[in-house]
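Dropping start.tsv in here (TSV, C-alpha atoms and all ligand atoms):
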```tsv
chain	number	residue	atom	x	y	z
M	1	MET	CA	-14.05	-16.60	8.43
M	2	ALA	CA	-10.59	-17.65	7.30
M	3	ASP	CA	-7.82	-15.13	7.45
M	4	ARG	CA	-6.61	-13.75	4.20
M	5	ARG	CA	-3.09	-12.56	3.69
M	6	GLY	CA	-1.55	-10.33	1.11
M	7	ILE	CA	1.75	-8.87	0.10
M	8	PRO	CA	1.58	-5.30	-1.18
M	9	HIS	CA	3.90	-4.41	-4.04
M	10	ILE	CA	4.26	-0.71	-4.79
M	11	ALA	CA	5.39	0.95	-8.01
M	12	VAL	CA	7.02	3.66	-5.94
M	13	GLU	CA	7.89	5.95	-8.82
M	14	ARG	CA	4.20	6.34	-9.73
M	15	CYS	CA	3.24	7.49	-6.24
M	16	LYS	CA	2.39	11.14	-5.62
M	17	GLY	CA	2.32	10.81	-1.85
M	18	CYS	CA	-1.34	11.77	-1.45
M	19	GLY	CA	-1.78	9.43	1.52
M	20	LEU	CA	-5.18	8.05	0.47
M	21	CYS	CA	-3.96	4.48	0.70
M	22	VAL	CA	-2.51	5.08	4.16
M	23	SER	CA	-5.85	6.44	5.36
M	24	VAL	CA	-7.93	3.47	4.12
M	25	CYS	CA	-5.66	0.61	5.15
M	26	PRO	CA	-7.41	-1.12	8.08
M	27	GLU	CA	-4.21	-2.70	9.38
M	28	ALA	CA	-1.84	0.31	9.29
M	29	VAL	CA	0.43	-1.50	6.87
M	30	LEU	CA	1.40	1.60	4.89
M	31	SER	CA	3.08	4.90	5.65
M	32	ILE	CA	4.54	7.85	3.79
M	33	ASP	CA	8.34	7.64	3.64
M	34	GLU	CA	9.66	11.12	4.35
M	35	SER	CA	13.26	9.91	4.22
M	36	ARG	CA	13.30	9.85	0.41
M	37	VAL	CA	11.82	11.53	-2.65
M	38	ASN	CA	10.77	9.64	-5.77
M	39	LEU	CA	11.41	10.67	-9.38
M	40	LYS	CA	8.18	12.70	-9.40
M	41	GLY	CA	9.45	14.70	-6.44
M	42	TYR	CA	7.07	13.27	-3.82
M	43	TYR	CA	7.52	11.44	-0.56
M	44	PRO	CA	6.34	7.96	-1.64
M	45	VAL	CA	4.31	5.44	0.25
M	46	THR	CA	6.14	2.49	1.74
M	47	VAL	CA	5.23	-0.81	3.37
M	48	GLU	CA	5.67	-0.33	7.11
M	49	SER	CA	4.39	-3.66	8.44
M	50	GLY	CA	3.77	-6.00	5.51
M	51	GLU	CA	3.11	-8.97	7.78
M	52	SER	CA	-0.16	-7.32	8.84
M	53	CYS	CA	-1.63	-7.09	5.33
M	54	ILE	CA	-4.96	-8.91	5.02
M	55	GLY	CA	-5.19	-8.51	1.24
M	56	CYS	CA	-8.35	-6.40	1.39
M	57	LEU	CA	-7.33	-4.47	-1.76
M	58	SER	CA	-8.56	-1.14	-0.36
M	59	CYS	CA	-5.25	0.54	-1.11
M	60	ALA	CA	-5.23	-0.71	-4.70
M	61	LEU	CA	-8.83	0.39	-5.28
M	62	ILE	CA	-8.39	3.91	-3.93
M	63	CYS	CA	-5.00	4.78	-5.43
M	64	PRO	CA	-5.55	7.22	-8.30
M	65	ASP	CA	-2.19	6.30	-9.80
M	66	VAL	CA	-2.57	2.51	-9.95
M	67	THR	CA	0.49	2.03	-7.83
M	68	PHE	CA	-0.38	-1.22	-6.05
M	69	THR	CA	-0.25	-4.85	-6.94
M	70	ILE	CA	-1.50	-7.03	-4.09
M	71	GLU	CA	-0.23	-10.59	-4.10
M	72	LEU	CA	-2.88	-12.76	-2.43
M	73	LEU	CA	-1.69	-15.74	-0.43
M	74	ASP	CA	-3.54	-18.90	0.55
M	75	ASP	CA	-5.65	-18.87	3.69
M	76	ARG	CA	-3.81	-19.77	6.84
M	101	LIG	S1	-4.44	-4.83	0.86
M	101	LIG	FE1	-5.60	-3.91	2.58
M	101	LIG	S2	-4.44	-4.50	4.42
M	101	LIG	FE2	-3.07	-4.81	2.66
M	101	LIG	S3	-1.92	-2.90	2.50
M	101	LIG	FE3	-3.70	-2.71	1.14
M	101	LIG	S4	-5.29	-1.68	2.38
M	101	LIG	FE4	-3.70	-2.47	3.80
M	102	LIG	S1	-2.91	6.44	-2.92
M	102	LIG	FE1	-1.41	5.97	-4.52
M	102	LIG	S2	-0.52	7.95	-5.07
M	102	LIG	FE2	-1.55	8.22	-3.08
M	102	LIG	S3	0.06	7.82	-1.52
M	102	LIG	FE3	-0.98	5.89	-1.90
M	102	LIG	S4	0.27	4.86	-3.50
M	102	LIG	FE4	0.81	7.03	-3.50
```

Conversion result in structure tokens:
Amino acid sequence: MADRRGIPHIAVERCKGCGLCVSVCPEAVLSIDESRVNLKGYYPVTVESGESCIGCLSCALICPDVTFTIELLDDR
């Protein structure tokens, strides 16, 4: 099966820091950024290792706040 790649884009100010996306990402791309607080007052999710994203869309599907846009790239 060909590899798929993706680039996660996050609307950080919508995030409520629930961590669901972090828990479902199979490649450990995401993490909660405890060094900042967003406008809602939460620690927001951040892209920790974007080069590992396989574009599976799990984060986008599980996020209750529609925070993700996943840019899908051509197969390698
Ligand atoms: S698309 Fe998949 S691999 Fe990429 S950040 Fe989201 S859950 Fe992780
Ligand atoms: S699932 Fe959505 S609201 Fe929850 S931490 Fe991830 S981006 Fe933020």

Close residues to ligand LIG 102 (chain M) using all atoms listed in the file, limit 10 Å, as a VMD selection string: chain M and resid 9 to 25 30 to 33 42 to 46 58 to 68

Between CA of Asn38 (chain M) and CA of Glu51 (chain M) lies a distance of 24.3 Å

Quick one: pull the distance between CA of Asp74 (chain M) and atom S4 of ligand LIG 101 (chain M), Å, one decimal. 17.4 Å

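Distance check against ligand LIG 101 (chain M) using all atoms listed in the file: of M:Ser35, M:Gly41, M:Arg4, M:Val29, the minimum falls on M:Val29.
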
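Each of M:Leu39, M:Gly55, M:Thr69, M:Glu27 was compared to Gly6 (chain M) using only C-alpha atoms, and M:Gly55 turns out to be the nearest.
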
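Pairwise distance (atom FE2 of ligand LIG 101 (chain M), CA of Ile54 (chain M)) equals 5.1 Å.
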
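Across M:Leu73, M:Arg36, M:Glu48, M:Leu57, the tightest approach to ligand LIG 101 (chain M) is made by M:Leu57 when counting all atoms listed in the file.
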
For each of M:Cys53, M:Ile7, M:Leu72, M:Val37, take the minimum atom-to-atom distance to ligand LIG 101 (chain M), counting only C-alpha atoms and all ligand atoms, then give the residue where this is smallest. M:Cys53
